[in-house]
file start.json (JSON, C-alpha atoms and all ligand atoms)
[["chain", "number", "residue", "atom", "x", "y", "z"],
["F", 22, "MET", "CA", 39.33, 91.42, 15.94],
["F", 23, "LEU", "CA", 37.07, 88.45, 15.56],
["F", 24, "PRO", "CA", 33.54, 89.67, 15.12],
["F", 25, "ILE", "CA", 30.87, 87.28, 16.18],
["F", 26, "SER", "CA", 27.38, 87.39, 14.88],
["F", 27, "ARG", "CA", 24.55, 87.53, 17.35],
["F", 28, "ARG", "CA", 23.06, 84.52, 15.68],
["F", 29, "GLN", "CA", 25.77, 82.39, 17.22],
["F", 30, "PHE", "CA", 24.41, 83.18, 20.64],
["F", 31, "LEU", "CA", 20.80, 82.48, 19.94],
["F", 32, "THR", "CA", 20.88, 78.73, 19.66],
["F", 33, "GLY", "CA", 21.40, 77.24, 23.07],
["F", 34, "SER", "CA", 22.44, 73.82, 21.87],
["F", 35, "VAL", "CA", 25.45, 75.12, 20.00],
["F", 36, "LEU", "CA", 26.56, 77.62, 22.60],
["F", 37, "ALA", "CA", 29.06, 75.43, 24.37],
["F", 38, "ALA", "CA", 30.67, 74.24, 21.16],
["F", 39, "THR", "CA", 30.74, 77.78, 19.79],
["F", 40, "ALA", "CA", 32.39, 79.12, 22.91],
["F", 41, "ALA", "CA", 34.97, 76.37, 22.85],
["F", 42, "SER", "CA", 35.90, 76.91, 19.22],
["F", 43, "LEU", "CA", 36.06, 80.65, 19.67],
["F", 44, "SER", "CA", 38.30, 80.26, 22.67],
["F", 45, "HIS", "CA", 40.68, 78.10, 20.70],
["F", 46, "ARG", "CA", 40.62, 80.58, 17.87],
["F", 47, "ALA", "CA", 41.35, 83.37, 20.34],
["F", 48, "TRP", "CA", 44.56, 81.81, 21.53],
["F", 49, "GLY", "CA", 45.32, 79.68, 18.52],
["F", 50, "ALA", "CA", 47.90, 81.48, 16.48],
["F", 51, "GLU", "CA", 50.56, 82.55, 18.94],
["F", 52, "VAL", "CA", 50.24, 79.86, 21.57],
["F", 53, "PRO", "CA", 51.06, 76.37, 20.34],
["F", 54, "ARG", "CA", 48.12, 74.04, 20.68],
["F", 55, "LYS", "CA", 49.99, 71.65, 22.97],
["F", 56, "GLU", "CA", 50.31, 74.52, 25.43],
["F", 57, "ALA", "CA", 46.66, 75.42, 25.29],
["F", 58, "PRO", "CA", 45.82, 76.26, 28.89],
["F", 59, "LYS", "CA", 43.67, 74.07, 31.02],
["F", 60, "THR", "CA", 40.37, 75.75, 31.25],
["F", 61, "GLU", "CA", 37.16, 75.08, 33.03],
["F", 62, "LEU", "CA", 35.37, 76.89, 30.25],
["F", 63, "PRO", "CA", 32.78, 76.58, 29.08],
["F", 64, "LYS", "CA", 31.51, 73.68, 31.13],
["F", 65, "ASP", "CA", 30.97, 75.86, 34.21],
["F", 66, "VAL", "CA", 29.20, 78.57, 32.26],
["F", 67, "LYS", "CA", 25.60, 77.95, 31.32],
["F", 68, "ALA", "CA", 24.20, 78.75, 27.92],
["F", 69, "ASP", "CA", 21.76, 81.29, 29.32],
["F", 70, "GLU", "CA", 24.60, 83.00, 31.15],
["F", 71, "LEU", "CA", 26.54, 83.33, 27.89],
["F", 72, "GLN", "CA", 23.44, 84.84, 26.37],
["F", 73, "ASN", "CA", 23.19, 87.28, 29.27],
["F", 74, "ILE", "CA", 26.80, 88.38, 28.73],
["F", 75, "SER", "CA", 26.26, 88.66, 25.01],
["F", 76, "LYS", "CA", 23.13, 90.75, 25.51],
["F", 77, "ALA", "CA", 24.89, 93.02, 28.03],
["F", 78, "LEU", "CA", 27.74, 93.52, 25.58],
["F", 79, "GLU", "CA", 25.35, 94.97, 22.99],
["F", 80, "SER", "CA", 25.67, 98.33, 24.74],
["F", 81, "VAL", "CA", 29.34, 97.98, 25.67],
["F", 82, "GLN", "CA", 31.92, 99.63, 23.46],
["F", 83, "ALA", "CA", 35.64, 100.21, 23.51],
["F", 84, "ARG", "CA", 36.10, 103.75, 24.79],
["F", 85, "VAL", "CA", 39.12, 104.16, 22.52],
["F", 86, "LYS", "CA", 40.39, 102.34, 19.48],
["F", 87, "PRO", "CA", 43.41, 100.21, 20.34],
["F", 88, "ALA", "CA", 46.65, 101.72, 19.09],
["F", 89, "GLN", "CA", 47.57, 98.24, 17.90],
["F", 90, "PRO", "CA", 46.16, 94.74, 18.29],
["F", 91, "ARG", "CA", 46.16, 94.01, 22.03],
["F", 92, "LYS", "CA", 46.50, 90.77, 23.89],
["F", 93, "VAL", "CA", 45.43, 90.18, 27.48],
["F", 94, "LEU", "CA", 46.18, 87.22, 29.74],
["F", 95, "VAL", "CA", 43.30, 86.26, 32.02],
["F", 96, "MET", "CA", 44.76, 84.35, 34.96],
["F", 97, "SER", "CA", 42.26, 82.29, 36.94],
["F", 98, "LEU", "CA", 44.42, 80.03, 39.12],
["F", 99, "THR", "CA", 43.42, 79.83, 42.78],
["F", 100, "LYS", "CA", 45.24, 78.24, 45.69],
["F", 101, "GLY", "CA", 42.74, 79.34, 48.32],
["F", 102, "ASN", "CA", 39.04, 80.07, 48.27],
["F", 103, "ARG", "CA", 37.69, 79.78, 44.73],
["F", 104, "HIS", "CA", 34.87, 82.04, 43.66],
["F", 105, "GLY", "CA", 32.09, 80.64, 41.55],
["F", 106, "HIS", "CA", 32.19, 83.64, 39.23],
["F", 107, "ILE", "CA", 35.70, 82.84, 37.95],
["F", 108, "PRO", "CA", 34.89, 80.86, 34.79],
["F", 109, "LEU", "CA", 32.07, 83.22, 33.98],
["F", 110, "SER", "CA", 34.06, 86.43, 34.40],
["F", 111, "ALA", "CA", 36.94, 84.96, 32.40],
["F", 112, "GLN", "CA", 34.49, 84.27, 29.61],
["F", 113, "ALA", "CA", 32.94, 87.73, 29.97],
["F", 114, "PHE", "CA", 36.34, 89.40, 29.62],
["F", 115, "GLU", "CA", 37.17, 87.29, 26.58],
["F", 116, "MET", "CA", 33.83, 88.11, 24.96],
["F", 117, "ALA", "CA", 34.13, 91.82, 25.83],
["F", 118, "GLY", "CA", 37.55, 92.04, 24.23],
["F", 119, "ARG", "CA", 36.41, 90.20, 21.13],
["F", 120, "LYS", "CA", 33.08, 92.01, 20.70],
["F", 121, "THR", "CA", 34.57, 95.48, 21.09],
["F", 122, "GLY", "CA", 37.88, 94.80, 19.36],
["F", 123, "ALA", "CA", 39.72, 96.14, 22.41],
["F", 124, "PHE", "CA", 41.84, 93.03, 22.91],
["F", 125, "GLU", "CA", 42.22, 89.34, 22.36],
["F", 126, "ALA", "CA", 42.17, 87.29, 25.56],
["F", 127, "VAL", "CA", 44.00, 84.14, 26.53],
["F", 128, "LEU", "CA", 42.34, 82.33, 29.44],
["F", 129, "THR", "CA", 44.61, 80.28, 31.62],
["F", 130, "GLU", "CA", 45.38, 78.80, 35.00],
["F", 131, "ASP", "CA", 48.94, 77.98, 34.02],
["F", 132, "VAL", "CA", 51.59, 80.12, 35.72],
["F", 133, "SER", "CA", 54.12, 79.20, 33.03],
["F", 134, "TYR", "CA", 52.52, 82.00, 30.99],
["F", 135, "PHE", "CA", 54.41, 84.35, 33.30],
["F", 136, "ALA", "CA", 57.78, 83.27, 31.96],
["F", 137, "PRO", "CA", 59.34, 86.40, 30.44],
["F", 138, "ASP", "CA", 59.34, 85.12, 26.88],
["F", 139, "LYS", "CA", 55.62, 84.35, 27.04],
["F", 140, "LEU", "CA", 54.56, 87.35, 29.09],
["F", 141, "LYS", "CA", 56.12, 89.79, 26.67],
["F", 142, "GLY", "CA", 53.44, 88.90, 24.12],
["F", 143, "PHE", "CA", 50.75, 90.44, 26.33],
["F", 144, "ASP", "CA", 49.73, 94.02, 27.02],
["F", 145, "ALA", "CA", 48.06, 93.35, 30.35],
["F", 146, "VAL", "CA", 47.26, 90.60, 32.82],
["F", 147, "ILE", "CA", 43.84, 90.27, 34.44],
["F", 148, "PHE", "CA", 44.00, 88.59, 37.84],
["F", 149, "ASN", "CA", 40.58, 86.99, 38.03],
["F", 150, "SER", "CA", 39.79, 86.61, 41.76],
["F", 151, "ASN", "CA", 42.93, 84.59, 42.38],
["F", 152, "THR", "CA", 43.62, 83.55, 45.95],
["F", 153, "GLY", "CA", 46.57, 82.07, 47.79],
["F", 154, "GLU", "CA", 50.20, 81.85, 46.81],
["F", 155, "ILE", "CA", 49.83, 81.16, 43.11],
["F", 156, "PHE", "CA", 53.49, 81.99, 42.41],
["F", 157, "GLU", "CA", 54.94, 80.17, 45.41],
["F", 158, "GLY", "CA", 58.46, 78.89, 44.74],
["F", 159, "ARG", "CA", 58.63, 80.69, 41.41],
["F", 160, "ASP", "CA", 60.76, 83.74, 42.04],
["F", 161, "ASP", "CA", 61.54, 83.83, 38.33],
["F", 162, "LEU", "CA", 57.88, 84.33, 37.46],
["F", 163, "LYS", "CA", 57.41, 86.90, 40.21],
["F", 164, "ALA", "CA", 60.34, 88.89, 38.84],
["F", 165, "ALA", "CA", 58.89, 88.65, 35.35],
["F", 166, "LEU", "CA", 55.54, 90.04, 36.49],
["F", 167, "VAL", "CA", 57.21, 92.93, 38.29],
["F", 168, "ASP", "CA", 59.30, 93.72, 35.21],
["F", 169, "PHE", "CA", 56.18, 93.42, 33.04],
["F", 170, "VAL", "CA", 54.15, 95.90, 35.07],
["F", 171, "LYS", "CA", 56.89, 98.35, 36.01],
["F", 172, "GLY", "CA", 58.24, 98.21, 32.48],
["F", 173, "GLY", "CA", 55.04, 99.68, 31.07],
["F", 174, "LYS", "CA", 52.32, 97.01, 30.83],
["F", 175, "GLY", "CA", 49.05, 96.63, 32.67],
["F", 176, "MET", "CA", 47.72, 94.76, 35.72],
["F", 177, "VAL", "CA", 44.02, 94.34, 36.41],
["F", 178, "GLY", "CA", 42.66, 92.97, 39.67],
["F", 179, "VAL", "CA", 39.20, 91.48, 40.07],
["F", 180, "HIS", "CA", 37.37, 91.08, 43.39],
["F", 181, "ALA", "CA", 39.14, 88.44, 45.51],
["F", 182, "VAL", "CA", 42.61, 88.98, 44.06],
["F", 183, "ALA", "CA", 43.09, 91.19, 47.09],
["F", 184, "ASP", "CA", 43.46, 87.85, 48.88],
["F", 185, "CYS", "CA", 46.19, 86.62, 46.54],
["F", 186, "CYS", "CA", 49.94, 86.43, 47.12],
["F", 187, "ALA", "CA", 49.69, 87.76, 50.67],
["F", 188, "LYS", "CA", 53.17, 86.40, 51.37],
["F", 189, "TRP", "CA", 54.63, 88.25, 48.42],
["F", 190, "LYS", "CA", 54.64, 91.88, 49.49],
["F", 191, "GLU", "CA", 55.53, 93.29, 46.10],
["F", 192, "PHE", "CA", 52.34, 91.86, 44.62],
["F", 193, "GLY", "CA", 50.28, 93.79, 47.16],
["F", 194, "ASP", "CA", 52.37, 96.89, 46.61],
["F", 195, "MET", "CA", 51.63, 96.74, 42.89],
["F", 196, "MET", "CA", 47.96, 95.83, 43.23],
["F", 197, "GLY", "CA", 47.44, 98.43, 45.95],
["F", 198, "GLY", "CA", 46.17, 96.52, 48.96],
["F", 199, "TYR", "CA", 45.41, 93.22, 50.64],
["F", 200, "PHE", "CA", 42.10, 91.85, 51.86],
["F", 201, "LYS", "CA", 41.51, 92.17, 55.58],
["F", 202, "SER", "CA", 37.91, 91.12, 56.11],
["F", 203, "HIS", "CA", 34.30, 91.63, 55.06],
["F", 204, "PRO", "CA", 31.97, 93.74, 57.16],
["F", 205, "LYS", "CA", 28.48, 92.35, 57.62],
["F", 206, "GLN", "CA", 24.98, 93.66, 57.42],
["F", 207, "ASP", "CA", 22.31, 91.75, 59.32],
["F", 208, "GLY", "CA", 24.91, 89.03, 59.79],
["F", 209, "LYS", "CA", 25.59, 88.60, 56.08],
["F", 210, "ILE", "CA", 28.59, 89.60, 53.99],
["F", 211, "LEU", "CA", 26.62, 89.67, 50.74],
["F", 212, "MET", "CA", 24.47, 92.77, 50.80],
["F", 213, "LYS", "CA", 23.02, 95.57, 48.77],
["F", 214, "MET", "CA", 25.90, 98.01, 48.63],
["F", 215, "ALA", "CA", 25.54, 101.71, 48.08],
["F", 216, "VAL", "CA", 28.46, 102.73, 45.89],
["F", 217, "LYS", "CA", 29.46, 106.32, 45.29],
["F", 218, "LEU", "CA", 31.59, 107.80, 42.57],
["F", 219, "ASP", "CA", 34.48, 109.43, 44.37],
["F", 220, "GLU", "CA", 35.00, 111.70, 41.38],
["F", 221, "PRO", "CA", 31.85, 111.75, 39.22],
["F", 222, "LYS", "CA", 33.67, 113.52, 36.41],
["F", 223, "HIS", "CA", 36.71, 111.27, 36.34],
["F", 224, "PRO", "CA", 37.20, 110.00, 32.75],
["F", 225, "LEU", "CA", 37.42, 106.38, 33.88],
["F", 226, "LEU", "CA", 33.98, 106.62, 35.48],
["F", 227, "GLU", "CA", 32.09, 107.51, 32.31],
["F", 228, "ALA", "CA", 30.28, 104.19, 32.43],
["F", 229, "PHE", "CA", 28.31, 105.37, 35.45],
["F", 230, "LYS", "CA", 27.20, 108.66, 33.88],
["F", 231, "GLY", "CA", 27.74, 110.54, 37.10],
["F", 232, "GLN", "CA", 25.30, 108.37, 39.04],
["F", 233, "ASP", "CA", 25.97, 106.62, 42.32],
["F", 234, "PHE", "CA", 24.48, 103.15, 42.29],
["F", 235, "GLU", "CA", 23.49, 100.08, 44.30],
["F", 236, "ILE", "CA", 24.67, 96.56, 43.66],
["F", 237, "THR", "CA", 24.56, 93.30, 45.58],
["F", 238, "ASP", "CA", 28.11, 92.38, 46.46],
["F", 239, "GLU", "CA", 30.58, 92.08, 49.32],
["F", 240, "ILE", "CA", 32.36, 95.00, 50.93],
["F", 241, "PHE", "CA", 36.08, 94.58, 51.24],
["F", 242, "GLN", "CA", 38.10, 95.94, 54.10],
["F", 243, "PHE", "CA", 41.71, 96.32, 53.03],
["F", 244, "ARG", "CA", 44.93, 96.28, 54.96],
["F", 245, "GLU", "CA", 48.33, 97.67, 54.12],
["F", 246, "PRO", "CA", 49.76, 98.52, 51.73],
["F", 247, "TYR", "CA", 46.35, 100.01, 50.99],
["F", 248, "ALA", "CA", 46.30, 103.73, 51.64],
["F", 249, "ARG", "CA", 44.51, 106.47, 49.77],
["F", 250, "ALA", "CA", 47.79, 108.35, 49.67],
["F", 251, "LYS", "CA", 49.25, 105.63, 47.44],
["F", 252, "LEU", "CA", 46.51, 105.26, 44.85],
["F", 253, "ARG", "CA", 43.51, 106.93, 43.27],
["F", 254, "VAL", "CA", 40.23, 105.62, 44.62],
["F", 255, "LEU", "CA", 37.44, 105.98, 42.06],
["F", 256, "LEU", "CA", 34.56, 104.09, 43.71],
["F", 257, "SER", "CA", 33.84, 103.51, 47.37],
["F", 258, "VAL", "CA", 31.06, 102.43, 49.68],
["F", 259, "ASP", "CA", 28.72, 105.25, 50.60],
["F", 260, "GLY", "CA", 28.74, 104.74, 54.34],
["F", 261, "ALA", "CA", 26.10, 107.40, 54.87],
["F", 262, "LYS", "CA", 23.57, 105.18, 53.10],
["F", 263, "MET", "CA", 24.41, 101.91, 54.84],
["F", 264, "THR", "CA", 24.33, 100.46, 58.31],
["F", 265, "LEU", "CA", 26.92, 97.78, 58.91],
["F", 266, "ASP", "CA", 27.11, 95.45, 61.91],
["F", 267, "PRO", "CA", 29.46, 97.36, 64.22],
["F", 268, "ALA", "CA", 31.29, 94.27, 65.45],
["F", 269, "SER", "CA", 32.13, 93.28, 61.87],
["F", 270, "THR", "CA", 33.69, 96.56, 60.84],
["F", 271, "LYS", "CA", 37.39, 96.76, 61.39],
["F", 272, "GLN", "CA", 37.85, 99.97, 59.48],
["F", 273, "THR", "CA", 38.17, 102.77, 61.99],
["F", 274, "ASP", "CA", 38.08, 105.47, 59.33],
["F", 275, "GLY", "CA", 34.97, 104.22, 57.52],
["F", 276, "ASP", "CA", 36.90, 104.00, 54.26],
["F", 277, "TYR", "CA", 35.72, 101.10, 52.10],
["F", 278, "PRO", "CA", 37.16, 101.57, 48.63],
["F", 279, "VAL", "CA", 35.56, 99.58, 45.81],
["F", 280, "SER", "CA", 37.83, 100.41, 42.89],
["F", 281, "TRP", "CA", 41.05, 102.28, 42.27],
["F", 282, "ILE", "CA", 43.78, 102.94, 39.79],
["F", 283, "ARG", "CA", 47.45, 103.59, 40.19],
["F", 284, "THR", "CA", 50.56, 103.86, 38.16],
["F", 285, "CYS", "CA", 53.47, 101.58, 38.88],
["F", 286, "GLU", "CA", 56.60, 103.11, 37.41],
["F", 287, "LYS", "CA", 55.85, 102.90, 33.66],
["F", 288, "GLY", "CA", 52.86, 100.56, 34.12],
["F", 289, "ARG", "CA", 49.24, 100.92, 35.10],
["F", 290, "VAL", "CA", 47.04, 99.08, 37.62],
["F", 291, "PHE", "CA", 43.25, 98.87, 37.78],
["F", 292, "TYR", "CA", 41.48, 97.12, 40.64],
["F", 293, "CYS", "CA", 37.75, 96.59, 41.11],
["F", 294, "ALA", "CA", 36.18, 94.70, 44.01],
["F", 295, "LEU", "CA", 32.83, 94.23, 42.27],
["F", 296, "GLY", "CA", 32.15, 90.69, 41.16],
["F", 297, "HIS", "CA", 31.22, 88.22, 43.88],
["F", 298, "GLN", "CA", 28.08, 87.29, 42.00],
["F", 299, "ARG", "CA", 28.07, 85.91, 38.49],
["F", 300, "SER", "CA", 25.35, 88.36, 37.51],
["F", 301, "THR", "CA", 27.78, 91.23, 38.00],
["F", 302, "PHE", "CA", 29.44, 90.16, 34.78],
["F", 303, "TRP", "CA", 26.33, 90.63, 32.72],
["F", 304, "ASN", "CA", 25.61, 94.02, 34.22],
["F", 305, "PRO", "CA", 26.25, 96.28, 31.19],
["F", 306, "THR", "CA", 27.44, 99.22, 33.27],
["F", 307, "VAL", "CA", 29.89, 97.18, 35.29],
["F", 308, "LEU", "CA", 31.09, 95.38, 32.15],
["F", 309, "GLN", "CA", 31.70, 98.76, 30.49],
["F", 310, "TYR", "CA", 33.59, 99.92, 33.56],
["F", 311, "TYR", "CA", 35.77, 96.81, 33.59],
["F", 312, "LEU", "CA", 36.45, 97.25, 29.88],
["F", 313, "ASP", "CA", 37.44, 100.87, 30.43],
["F", 314, "GLY", "CA", 39.72, 99.83, 33.28],
["F", 315, "ILE", "CA", 41.31, 97.15, 31.12],
["F", 316, "GLN", "CA", 41.87, 99.67, 28.32],
["F", 317, "PHE", "CA", 43.50, 101.99, 30.85],
["F", 318, "ALA", "CA", 45.74, 99.15, 32.07],
["F", 319, "ILE", "CA", 46.66, 98.25, 28.50],
["F", 320, "GLY", "CA", 47.61, 101.86, 27.84],
["F", 321, "ASP", "CA", 45.04, 102.67, 25.17],
["F", 322, "LEU", "CA", 42.71, 104.72, 27.38],
["F", 323, "LYS", "CA", 45.18, 107.39, 28.34],
["F", 324, "LEU", "CA", 44.85, 109.36, 31.54],
["F", 325, "GLY", "CA", 47.00, 112.32, 32.42],
["F", 326, "ALA", "CA", 48.90, 112.65, 35.65],
["F", 327, "ALA", "CA", 46.09, 114.76, 37.06],
["F", 328, "ASP", "CA", 43.74, 111.78, 36.73],
["F", 329, "THR", "CA", 46.08, 109.11, 38.07],
["F", 330, "ALA", "CA", 47.94, 110.94, 40.81],
["F", 331, "PRO", "CA", 47.38, 109.34, 44.20],
["F", 332, "GLY", "CA", 45.43, 110.92, 46.94],
["F", 333, "ALA", "CA", 41.89, 111.58, 48.02],
["F", 334, "LYS", "CA", 39.81, 114.14, 46.21],
["F", 401, "ZN", "ZN", 33.57, 87.25, 47.06]]

call {"tool": "encode", "arguments": {"input": "start.json", "output": "structure tokens"}}
result
Amino acid sequence: MLPISRRQFLTGSVLAATAASLSHRAWGAEVPRKEAPKTELPKDVKADELQNISKALESVQARVKPAQPRKVLVMSLTKGNRHGHIPLSAQAFEMAGRKTGAFEAVLTEDVSYFAPDKLKGFDAVIFNSNTGEIFEGRDDLKAALVDFVKGGKGMVGVHAVADCCAKWKEFGDMMGGYFKSHPKQDGKILMKMAVKLDEPKHPLLEAFKGQDFEITDEIFQFREPYARAKLRVLLSVDGAKMTLDPASTKQTDGDYPVSWIRTCEKGRVFYCALGHQRSTFWNPTVLQYYLDGIQFAIGDLKLGAADTAPGAK
């Protein structure tokens, strides 16, 4: 764990340099410097945004103490649409892991990290709104990811990753679903969403304290392999509180999941659609939820079969 004093976040002029040096420190020891990943950080993250994340993290804590030092790969490569939140959420995950001691993060856009000998050093991979065929032509890396997850590690999906690797069916099978489209409200896909806790007492939903909530984001409509029978939906859109443009809704059953978990042989998967806006990643409640989901994926926040079994409640 690399504690960081709050003072380091209070002087705007040193923020960028501080973030850069911390990032290097975070991935310094085990990854040779020459292989340091290309990163857009921190140049695409403003000083005040770092401060917002830092302030939000004041109330965020690791739900459980890691059983051992944990390492998480944050993968931000995109081959399709690229979300503006990507550098910011990558930074937020790195800061959350460091501040809480839950994990050390390596931020990258380099698929070579998925080579088996490199991947084995990680406990989980966070797919940070990736889009397109990021593993195209690399069957070796695809196989390594499948072995990684099914062999007992973790996979976390953020927002647009539902639109990633659509040509690689096993990726969707592991993640739990592919993006189909966004419904609209008053002609817009970004809207104030009413989100309900599917199971208010589920241990992974502690961050929300039993309260449904509203947040400005996009609603995702998913296509196969998504099915409630295959995974455990924890958050979903509360359709009773929203009116969507009928022509834009392709979901005949009114089911708009927002977040789910599933097990994948020995591994664990956590997906959350929240995150289109950068501000989502300095929302303390959402940050806590993401951290809890990451700790579940890592294997530190343990859930029994009763809490991970697929199916609607
Ligand atoms: Zn989006």

call {"tool": "residues_near_ligand", "arguments": {"input": "start.json", "ligand": "ligand ZN 401 (chain F)", "cutoff": "9 Å", "atoms": "all atoms listed in the file", "output": "list of chain:residue names"}}
result
F:Arg103, F:His104, F:Gly105, F:His106, F:Ser150, F:His180, F:Ala181, F:Ile210, F:Leu211, F:Asp238, F:Glu239, F:Ile240, F:Phe241, F:Ala294, F:Leu295, F:Gly296, F:His297, F:Gln298

call {"tool": "atom_distance", "arguments": {"input": "start.json", "atom1": "CA of Ile147 (chain F)", "atom2": "CA of Met96 (chain F)"}}
result
6.0 Å

call {"tool": "atom_distance", "arguments": {"input": "start.json", "atom1": "CA of Leu94 (chain F)", "atom2": "CA of Val254 (chain F)"}}
result
24.4 Å

call {"tool": "closest_residue", "arguments": {"input": "start.json", "among": "F:Ala318, F:Ala228, F:Ala165, F:Ala326", "to": "Arg91 (chain F)", "atoms": "all atoms listed in the file"}}
result
F:Ala318

call {"tool": "residues_near_point", "arguments": {"input": "start.json", "point": "(40.3, 105.1, 54.0)", "cutoff": "7 Å", "atoms": "all atoms listed in the file", "output": "list in words"}}
result
Ala248, Arg249, Asp274, Gly275, Asp276 and Tyr277 of chain F

call {"tool": "closest_residue", "arguments": {"input": "start.json", "among": "F:Gly325, F:Pro204, F:Gly153, F:Gly173", "to": "Phe192 (chain F)", "atoms": "all atoms listed in the file"}}
result
F:Gly153

call {"tool": "residues_around", "arguments": {"input": "start.json", "residues": "Leu308 (chain F)", "least_positions_apart": "3", "cutoff": "10 Å", "atoms": "only C-alpha atoms", "output": "count of residues only"}}
result
20

call {"tool": "closest_residue", "arguments": {"input": "start.json", "among": "F:Leu324, F:Ala136, F:Val85, F:Met214", "to": "Ala261 (chain F)", "atoms": "all atoms listed in the file"}}
result
F:Met214

call {"tool": "closest_residue", "arguments": {"input": "start.json", "among": "F:Val258, F:Ala330, F:Ile319, F:Ile155", "to": "Cys185 (chain F)", "atoms": "only C-alpha atoms"}}
result
F:Ile155

call {"tool": "atom_distance", "arguments": {"input": "start.json", "atom1": "CA of Pro87 (chain F)", "atom2": "CA of Pro278 (chain F)"}}
result
29.0 Å

call {"tool": "residues_around", "arguments": {"input": "start.json", "residues": "Cys186 (chain F)", "least_positions_apart": "6", "cutoff": "9 Å", "atoms": "all atoms listed in the file", "output": "ChimeraX atom specification"}}
result
/F:151-157,192-193,199

call {"tool": "write_last_selection", "arguments": {"input": "start.json", "atoms": "C-alpha atoms", "output": "mmCIF file, keeping the file's coordinate frame"}}
result
data_model
loop_
_atom_site.group_PDB
_atom_site.id
_atom_site.type_symbol
_atom_site.label_atom_id
_atom_site.label_comp_id
_atom_site.auth_asym_id
_atom_site.auth_seq_id
_atom_site.Cartn_x
_atom_site.Cartn_y
_atom_site.Cartn_z
ATOM 1 C CA ASN F 151 42.930 84.590 42.380
ATOM 2 C CA THR F 152 43.620 83.550 45.950
ATOM 3 C CA GLY F 153 46.570 82.070 47.790
ATOM 4 C CA GLU F 154 50.200 81.850 46.810
ATOM 5 C CA ILE F 155 49.830 81.160 43.110
ATOM 6 C CA PHE F 156 53.490 81.990 42.410
ATOM 7 C CA GLU F 157 54.940 80.170 45.410
ATOM 8 C CA PHE F 192 52.340 91.860 44.620
ATOM 9 C CA GLY F 193 50.280 93.790 47.160
ATOM 10 C CA TYR F 199 45.410 93.220 50.640
#

call {"tool": "build_atoms", "arguments": {"input": "start.json", "residues": "region 118-131 of chain F", "atoms": "N, CA and C atoms", "output": "PDB file, in the frame of the given file"}}
result
ATOM      1  N   GLY F 118      36.419  91.658  25.071  1.00  0.00           N
ATOM      2  CA  GLY F 118      37.550  92.040  24.230  1.00  0.00           C
ATOM      3  C   GLY F 118      37.283  91.761  22.767  1.00  0.00           C
ATOM      4  N   ARG F 119      36.677  90.607  22.510  1.00  0.00           N
ATOM      5  CA  ARG F 119      36.410  90.200  21.130  1.00  0.00           C
ATOM      6  C   ARG F 119      35.320  91.056  20.502  1.00  0.00           C
ATOM      7  N   LYS F 120      34.225  91.254  21.245  1.00  0.00           N
ATOM      8  CA  LYS F 120      33.080  92.010  20.700  1.00  0.00           C
ATOM      9  C   LYS F 120      33.461  93.451  20.391  1.00  0.00           C
ATOM     10  N   THR F 121      34.260  94.056  21.270  1.00  0.00           N
ATOM     11  CA  THR F 121      34.570  95.480  21.090  1.00  0.00           C
ATOM     12  C   THR F 121      35.833  95.702  20.271  1.00  0.00           C
ATOM     13  N   GLY F 122      36.616  94.638  20.075  1.00  0.00           N
ATOM     14  CA  GLY F 122      37.880  94.800  19.360  1.00  0.00           C
ATOM     15  C   GLY F 122      38.982  95.387  20.223  1.00  0.00           C
ATOM     16  N   ALA F 123      38.729  95.502  21.523  1.00  0.00           N
ATOM     17  CA  ALA F 123      39.720  96.140  22.410  1.00  0.00           C
ATOM     18  C   ALA F 123      40.935  95.264  22.646  1.00  0.00           C
ATOM     19  N   PHE F 124      40.722  93.941  22.671  1.00  0.00           N
ATOM     20  CA  PHE F 124      41.840  93.030  22.910  1.00  0.00           C
ATOM     21  C   PHE F 124      41.415  91.592  22.607  1.00  0.00           C
ATOM     22  N   GLU F 125      42.422  90.782  22.448  1.00  0.00           N
ATOM     23  CA  GLU F 125      42.220  89.340  22.360  1.00  0.00           C
ATOM     24  C   GLU F 125      42.644  88.760  23.698  1.00  0.00           C
ATOM     25  N   ALA F 126      41.859  87.838  24.235  1.00  0.00           N
ATOM     26  CA  ALA F 126      42.170  87.290  25.560  1.00  0.00           C
ATOM     27  C   ALA F 126      42.644  85.847  25.471  1.00  0.00           C
ATOM     28  N   VAL F 127      43.589  85.517  26.310  1.00  0.00           N
ATOM     29  CA  VAL F 127      44.000  84.140  26.530  1.00  0.00           C
ATOM     30  C   VAL F 127      43.601  83.794  27.959  1.00  0.00           C
ATOM     31  N   LEU F 128      42.818  82.738  28.112  1.00  0.00           N
ATOM     32  CA  LEU F 128      42.340  82.330  29.440  1.00  0.00           C
ATOM     33  C   LEU F 128      43.196  81.189  29.947  1.00  0.00           C
ATOM     34  N   THR F 129      43.725  81.325  31.130  1.00  0.00           N
ATOM     35  CA  THR F 129      44.610  80.280  31.620  1.00  0.00           C
ATOM     36  C   THR F 129      44.599  80.157  33.129  1.00  0.00           C
ATOM     37  N   GLU F 130      45.075  78.985  33.584  1.00  0.00           N
ATOM     38  CA  GLU F 130      45.380  78.800  35.000  1.00  0.00           C
ATOM     39  C   GLU F 130      46.827  78.333  35.137  1.00  0.00           C
ATOM     40  N   ASP F 131      47.584  78.509  34.098  1.00  0.00           N
ATOM     41  CA  ASP F 131      48.940  77.980  34.020  1.00  0.00           C
ATOM     42  C   ASP F 131      49.954  79.105  34.257  1.00  0.00           C
TER      43      ASP F 131
END
